[in-house]
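Here's the structure, in structure tokens; my notes come after.
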Amino acid sequence: MAKENKKLVEAITSMEEDFAQWYTDVVKKAELIDYSSVKGCMIIKPAGYAIWENIQTELDRRFKETGVENVYMPMFIPESLLEKEKDHVEGFAPEVAWVTHGGLDPLPERLCVRPTSETLFCDFYRNIIQSYRDLPKLYNQWCSVVRWEKETRPFLRSREFLWQEGHTAHATAEEAKERTIQMLNLYADFCEEVLAMPVIRGQKTEKEKFAGAEATYTIEALMHDGKALQSGTSHDFGNGFAKAFEIRYTDKDNQLQYVYQTSWGMTTRLIGAIIMVHGDNSGLVLPPRIAPVQVMVIPIQQRKEGVLEKAQELCGRLGKVCRAKLDDSDKSPGWKFAEQEMRGIPLRVELGPKDIEAGSCVVVRRDTGEKLTVALEELEEKLPELLEEMQREMFERAKAHRDAHIWDAHSYEELCDIAANRPGFIRGMWCGDQACEDKIKENLAVTSRCLPFHDREQIADTCVCCGKPAHKLVYWGKAY
């Protein structure tokens with residue numbers, strides 16, 4: 001490794017030594033974020049925001065294919081409006097930021113800076129839904145929200161973060177539940193197909209569900225350190241919010257009925273998930289489908305006649321089949337290699353005088369470090385194939401890692417041992433009593449992640465905590 005390459009990599013703490021510090025080093029050294037003078041808030045730099053733009057573009061496309069339209073709501077919520085749904089306001093009260101003055105004058109009513117927008121959408125729907133002909137309403141907004149977190153970490157938990165929040169209204173409970181599950185599956189497919197990140201799909205327990213919801217569904221991903229990350233949620237509200245806000249419509253029989261609602265969201269914490277699922281000790285590793293730059297062309301000895309011109313021509317050609325960029329800076333090749341690796345760019349193309357003479361170039365994979373010699377005239381065909389191969393293999397590696405870190409616990413003693421010594425998901429039966437859930441969380445710092453959709457195996461007849469009869473399989477884990 002070139003001297004400058006080694007110097008840049010040494011700036012990252014090894015993930016085996018200190019995973020939390022490794023994560024912080026990567027988000028800083030890869031120039032995804034910078035710290036702000038506003039405590040608990042981050043500045044998302046161009047490299048980080050470009051990833052979010054790709055997430056936004058792809059999710060937005062998928063939403064619209066299901067009939068969803070984008071809207072935008074105010075960022076302020078009057079206190080009286082927030083308090084209309086009791087469970088909802090109690091769930092968010094500890095994290096709410098309040099505006100009490102407009103200029104120098106006290107406000108007649110406090111305004112909440114939105115932690116989420118259920119109440120705003122409900123107030124809106126109450127005014128625009130009158131008849132069954134007005135349903136369904138399938139709306140989404142892209143915005144930021146504020147939650148006054150006590151402990152923060154870039155992307156994973158900050159006081160202001162970016163997200164999308166979908167809010168739909170339906171004529172029947174069945175339609176609302178169908179939409180809730182549809183959006184959860186859309187999230188799961190997006191994570192697996194675009195982020196190369198395998199997820200567990202399931203339902204949250206009563207204790208862990210969203211405040212004010214009848215049911216909350218989740219996708220849970222496993223990070224490299226064995227901790228879980230809730231990566232997207234979809235909530236079935238039933239008609240609870242509709243009753244609190246008097247959102248009613250006249251049905252085909254001219255009878256007044258309450259609407260049924262859903263809400264679903266994903267946030268910038270997905271960028272943190274990408275880092276912790278795929279990153280390594282050289283920095284970020286981006287799945288090709290989400291990478292803002294998929295191929296970096298690096299000229300070698302670029303001051304020699306014809307090298308830079310050939311690299312420019314090559315980059316122009318590649319730009320027609322992938323997202324390609326040329327690094328024609330005056331940094332040394334070794335530094336450029338290290339920088340490309342740090343930023344997680346999937347492929348680099350090395351082109352020097354000897355390569356040009358031979359009619360070929362060296363292509364290096366970021367995920368495995370494999371080097372391939374490719375004929376220049378074959379690049380437009382070979383690189384897209386290579387990017388798809390990388391995408392597939394990154395998912396397969398992440399899935400293999402996750403599956404190798406799923407453990408079964410049949411007793412409380414076994415649960416304690418696994419929680420203390422084996423990072424990952426723990427499968428264990430549960431009797432359904434919240435007291436057991438609370439005990440596991442308090443004693444082991446392990447929470448119920450979900451009751452999985454696609455894994456209903458009865459691995460034991462008794463609860464992993466209390467020993468009473470149990471029929472619910474739960475994925476437990478330590479989480480971010």
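Chain labels run A, B, ... following the order of the structure tokens; each chain numbers its residues from 1, and ligands are numbered from 1 in the order shown.
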
Might you pull out every residue within 12 Å of region 326-338 of chain A, with only C-alpha atoms counted and same-chain residues fewer than 3 positions away left off, and present them as number ranges by chain? A: 1-12, 29-30, 281-284, 293-303, 307-319, 323, 341-352, 363-366, 369

Please extract the residues of region 57-288 of chain A with a backbone DSSP assignment of helix (DSSP H, G or I) and present them as a short mmCIF file (atom, residue, chain, number, x, y, z; two decimals) with N, CA and C atoms, in the first residue's frame.
```cif
data_model
loop_
_atom_site.label_atom_id
_atom_site.label_comp_id
_atom_site.auth_asym_id
_atom_site.auth_seq_id
_atom_site.Cartn_x
_atom_site.Cartn_y
_atom_site.Cartn_z
N THR A 57 -35.11 9.48 -4.41
CA THR A 57 -35.56 9.28 -5.79
C THR A 57 -36.16 7.90 -5.99
N GLU A 58 -35.47 6.87 -5.49
CA GLU A 58 -35.94 5.51 -5.70
C GLU A 58 -37.20 5.22 -4.89
N LEU A 59 -37.24 5.65 -3.63
CA LEU A 59 -38.44 5.44 -2.82
C LEU A 59 -39.63 6.19 -3.41
N ASP A 60 -39.39 7.44 -3.83
CA ASP A 60 -40.47 8.26 -4.37
C ASP A 60 -41.07 7.60 -5.61
N ARG A 61 -40.22 7.03 -6.45
CA ARG A 61 -40.70 6.33 -7.64
C ARG A 61 -41.59 5.16 -7.24
N ARG A 62 -41.15 4.41 -6.26
CA ARG A 62 -41.92 3.25 -5.82
C ARG A 62 -43.24 3.66 -5.17
N PHE A 63 -43.21 4.74 -4.38
CA PHE A 63 -44.46 5.23 -3.79
C PHE A 63 -45.48 5.57 -4.86
N LYS A 64 -45.03 6.33 -5.86
CA LYS A 64 -45.95 6.81 -6.89
C LYS A 64 -46.52 5.67 -7.72
N GLU A 65 -45.77 4.58 -7.84
CA GLU A 65 -46.30 3.41 -8.55
C GLU A 65 -47.48 2.80 -7.82
N GLU A 79 -50.53 23.45 20.05
CA GLU A 79 -50.60 22.51 21.18
C GLU A 79 -51.97 21.85 21.28
N SER A 80 -53.03 22.61 21.05
CA SER A 80 -54.38 22.06 21.16
C SER A 80 -54.61 20.96 20.12
N LEU A 81 -53.99 21.08 18.96
CA LEU A 81 -54.15 20.07 17.92
C LEU A 81 -53.38 18.81 18.30
N LEU A 82 -52.19 18.98 18.82
CA LEU A 82 -51.36 17.83 19.21
C LEU A 82 -52.03 17.01 20.31
N LYS A 86 -54.79 11.40 22.78
CA LYS A 86 -54.12 11.29 24.07
C LYS A 86 -52.87 10.40 24.03
N ASP A 87 -53.01 9.17 23.51
CA ASP A 87 -51.87 8.25 23.49
C ASP A 87 -50.73 8.81 22.65
N HIS A 88 -51.09 9.45 21.56
CA HIS A 88 -50.10 9.99 20.63
C HIS A 88 -49.26 11.07 21.30
N VAL A 89 -49.92 12.03 21.95
CA VAL A 89 -49.18 13.14 22.57
C VAL A 89 -48.33 12.66 23.74
N GLU A 90 -48.84 11.68 24.49
CA GLU A 90 -48.06 11.14 25.61
C GLU A 90 -46.80 10.44 25.11
N GLY A 91 -46.90 9.77 23.95
CA GLY A 91 -45.76 9.07 23.40
C GLY A 91 -44.65 10.01 22.95
N PHE A 92 -45.02 11.23 22.51
CA PHE A 92 -44.03 12.15 21.98
C PHE A 92 -43.64 13.28 22.94
N ALA A 93 -44.39 13.45 24.02
CA ALA A 93 -44.18 14.59 24.92
C ALA A 93 -42.73 14.79 25.36
N PRO A 94 -41.99 13.74 25.73
CA PRO A 94 -40.62 13.96 26.21
C PRO A 94 -39.67 14.50 25.13
N GLU A 95 -40.03 14.36 23.84
CA GLU A 95 -39.10 14.73 22.76
C GLU A 95 -39.52 15.99 22.02
N GLU A 118 -48.99 13.33 12.14
CA GLU A 118 -50.31 12.71 12.17
C GLU A 118 -51.42 13.73 12.41
N THR A 119 -51.22 14.58 13.41
CA THR A 119 -52.29 15.51 13.79
C THR A 119 -52.56 16.53 12.68
N LEU A 120 -51.52 16.96 11.98
CA LEU A 120 -51.70 17.90 10.87
C LEU A 120 -52.47 17.25 9.73
N PHE A 121 -52.12 16.02 9.41
CA PHE A 121 -52.84 15.33 8.34
C PHE A 121 -54.30 15.07 8.74
N CYS A 122 -54.51 14.73 10.01
CA CYS A 122 -55.89 14.50 10.46
C CYS A 122 -56.72 15.77 10.33
N ASP A 123 -56.16 16.89 10.73
CA ASP A 123 -56.87 18.17 10.62
C ASP A 123 -57.18 18.48 9.15
N PHE A 124 -56.23 18.18 8.29
CA PHE A 124 -56.39 18.38 6.85
C PHE A 124 -57.47 17.46 6.29
N TYR A 125 -57.40 16.17 6.64
CA TYR A 125 -58.37 15.20 6.12
C TYR A 125 -59.79 15.52 6.58
N ARG A 126 -59.91 16.00 7.81
CA ARG A 126 -61.24 16.34 8.33
C ARG A 126 -61.93 17.36 7.43
N ASN A 127 -61.15 18.23 6.80
CA ASN A 127 -61.73 19.28 5.96
C ASN A 127 -61.96 18.87 4.52
N ILE A 128 -61.22 17.89 4.04
CA ILE A 128 -61.32 17.56 2.60
C ILE A 128 -62.03 16.24 2.32
N TYR A 132 -67.55 8.96 0.28
CA TYR A 132 -66.76 7.79 -0.11
C TYR A 132 -66.01 8.03 -1.42
N ARG A 133 -66.52 8.97 -2.21
CA ARG A 133 -65.86 9.30 -3.48
C ARG A 133 -64.52 10.00 -3.24
N ASP A 134 -64.31 10.55 -2.05
CA ASP A 134 -63.06 11.23 -1.73
C ASP A 134 -61.96 10.27 -1.28
N ALA A 173 -61.42 -0.83 7.34
CA ALA A 173 -60.27 -1.31 8.10
C ALA A 173 -59.41 -2.25 7.26
N GLU A 174 -60.05 -3.04 6.39
CA GLU A 174 -59.33 -3.99 5.55
C GLU A 174 -58.41 -3.27 4.57
N GLU A 175 -58.93 -2.18 3.97
CA GLU A 175 -58.11 -1.41 3.03
C GLU A 175 -56.91 -0.79 3.73
N ALA A 176 -57.14 -0.29 4.94
CA ALA A 176 -56.04 0.34 5.68
C ALA A 176 -54.96 -0.68 6.04
N LYS A 177 -55.38 -1.86 6.50
CA LYS A 177 -54.40 -2.88 6.85
C LYS A 177 -53.62 -3.33 5.61
N GLU A 178 -54.33 -3.47 4.50
CA GLU A 178 -53.68 -3.88 3.26
C GLU A 178 -52.61 -2.86 2.84
N ARG A 179 -52.92 -1.57 2.97
CA ARG A 179 -51.95 -0.52 2.64
C ARG A 179 -50.77 -0.56 3.60
N THR A 180 -51.04 -0.78 4.88
CA THR A 180 -49.97 -0.83 5.88
C THR A 180 -48.95 -1.91 5.53
N ILE A 181 -49.44 -3.10 5.21
CA ILE A 181 -48.56 -4.21 4.87
C ILE A 181 -47.88 -3.96 3.52
N GLN A 182 -48.62 -3.37 2.58
CA GLN A 182 -48.05 -3.07 1.26
C GLN A 182 -46.83 -2.16 1.39
N MET A 183 -46.94 -1.12 2.22
CA MET A 183 -45.84 -0.18 2.36
C MET A 183 -44.67 -0.81 3.11
N LEU A 184 -44.95 -1.68 4.08
CA LEU A 184 -43.86 -2.36 4.77
C LEU A 184 -43.08 -3.24 3.79
N ASN A 185 -43.81 -3.96 2.94
CA ASN A 185 -43.14 -4.80 1.95
C ASN A 185 -42.38 -3.97 0.93
N LEU A 186 -42.92 -2.80 0.58
CA LEU A 186 -42.19 -1.89 -0.32
C LEU A 186 -40.86 -1.48 0.31
N TYR A 187 -40.89 -1.13 1.61
CA TYR A 187 -39.66 -0.77 2.31
C TYR A 187 -38.66 -1.93 2.31
N ALA A 188 -39.17 -3.13 2.62
CA ALA A 188 -38.28 -4.30 2.70
C ALA A 188 -37.64 -4.59 1.35
N ASP A 189 -38.45 -4.53 0.29
CA ASP A 189 -37.91 -4.77 -1.05
C ASP A 189 -36.86 -3.72 -1.42
N PHE A 190 -37.13 -2.47 -1.07
CA PHE A 190 -36.17 -1.41 -1.34
C PHE A 190 -34.84 -1.68 -0.63
N CYS A 191 -34.91 -2.02 0.65
CA CYS A 191 -33.67 -2.28 1.40
C CYS A 191 -32.88 -3.43 0.81
N GLU A 192 -33.57 -4.49 0.42
CA GLU A 192 -32.87 -5.66 -0.08
C GLU A 192 -32.39 -5.48 -1.52
N GLU A 193 -33.21 -4.84 -2.35
CA GLU A 193 -32.87 -4.71 -3.77
C GLU A 193 -31.91 -3.55 -4.05
N GLY A 240 -58.93 5.24 15.30
CA GLY A 240 -58.71 5.98 16.54
C GLY A 240 -58.47 7.46 16.32
N PHE A 241 -57.59 7.78 15.38
CA PHE A 241 -57.34 9.19 15.08
C PHE A 241 -58.57 9.83 14.45
N ALA A 242 -59.27 9.08 13.61
CA ALA A 242 -60.48 9.61 12.96
C ALA A 242 -61.53 10.00 13.98
N LYS A 243 -61.68 9.20 15.02
CA LYS A 243 -62.66 9.53 16.07
C LYS A 243 -62.22 10.75 16.87
N ALA A 244 -60.92 10.86 17.14
CA ALA A 244 -60.42 12.01 17.90
C ALA A 244 -60.57 13.30 17.11
N PHE A 245 -60.45 13.20 15.78
CA PHE A 245 -60.49 14.40 14.94
C PHE A 245 -61.79 14.54 14.13
N ARG A 269 -31.55 7.63 8.82
CA ARG A 269 -30.81 6.58 9.53
C ARG A 269 -30.44 5.43 8.59
N LEU A 270 -31.12 5.35 7.43
CA LEU A 270 -30.74 4.34 6.44
C LEU A 270 -29.29 4.50 6.01
N ILE A 271 -28.79 5.74 5.99
CA ILE A 271 -27.39 5.95 5.61
C ILE A 271 -26.48 5.33 6.66
N GLY A 272 -26.85 5.48 7.93
CA GLY A 272 -26.11 4.81 9.00
C GLY A 272 -26.14 3.30 8.84
N ALA A 273 -27.29 2.78 8.42
CA ALA A 273 -27.41 1.33 8.22
C ALA A 273 -26.48 0.85 7.10
N ILE A 274 -26.43 1.59 6.00
CA ILE A 274 -25.54 1.22 4.89
C ILE A 274 -24.10 1.14 5.39
N ILE A 275 -23.70 2.14 6.18
CA ILE A 275 -22.33 2.18 6.71
C ILE A 275 -22.05 0.94 7.56
N MET A 276 -22.97 0.63 8.48
CA MET A 276 -22.72 -0.42 9.47
C MET A 276 -22.96 -1.83 8.94
N VAL A 277 -23.68 -1.98 7.85
CA VAL A 277 -23.85 -3.30 7.24
C VAL A 277 -22.69 -3.64 6.30
N HIS A 278 -22.24 -2.65 5.52
CA HIS A 278 -21.29 -2.94 4.45
C HIS A 278 -19.88 -2.40 4.66
#
```

Where in region 185-427 of chain A does DSSP assign strand (DSSP E or B), given as a ChimeraX atom specification? /A:200-203,215-222,228-238,248-250,256-258,260-267,280,283,295-299,324-326,347-351,360-365,371-375,406-408,425-427

Rounded to one decimal place, report the CA of Leu379 (chain A)-CA of Gly306 (chain A) distance in Å. 19.0 Å

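Excluding Lys207 (chain A) and any residue on its chain fewer than 5 positions from it, the residues at most 10 Å away by only C-alpha atoms are Gln434, Glu437, Asp438 and Ser448 of chain A.
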
Go ahead and dump the residues you just picked, C-alpha atoms, as a short mmCIF file (atom, residue, chain, number, x, y, z; two decimals), in the first residue's frame.
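Saved to out33.cif:
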```cif
data_model
loop_
_atom_site.label_atom_id
_atom_site.label_comp_id
_atom_site.auth_asym_id
_atom_site.auth_seq_id
_atom_site.Cartn_x
_atom_site.Cartn_y
_atom_site.Cartn_z
CA GLN A 434 -45.42 -7.37 29.01
CA GLU A 437 -40.71 -8.13 27.98
CA ASP A 438 -39.91 -5.49 30.62
CA SER A 448 -38.31 -7.32 21.34
#
```

State, in Å with one decimal place, the distance from CA of Pro469 (chain A) to CA of Thr218 (chain A). 25.7 Å
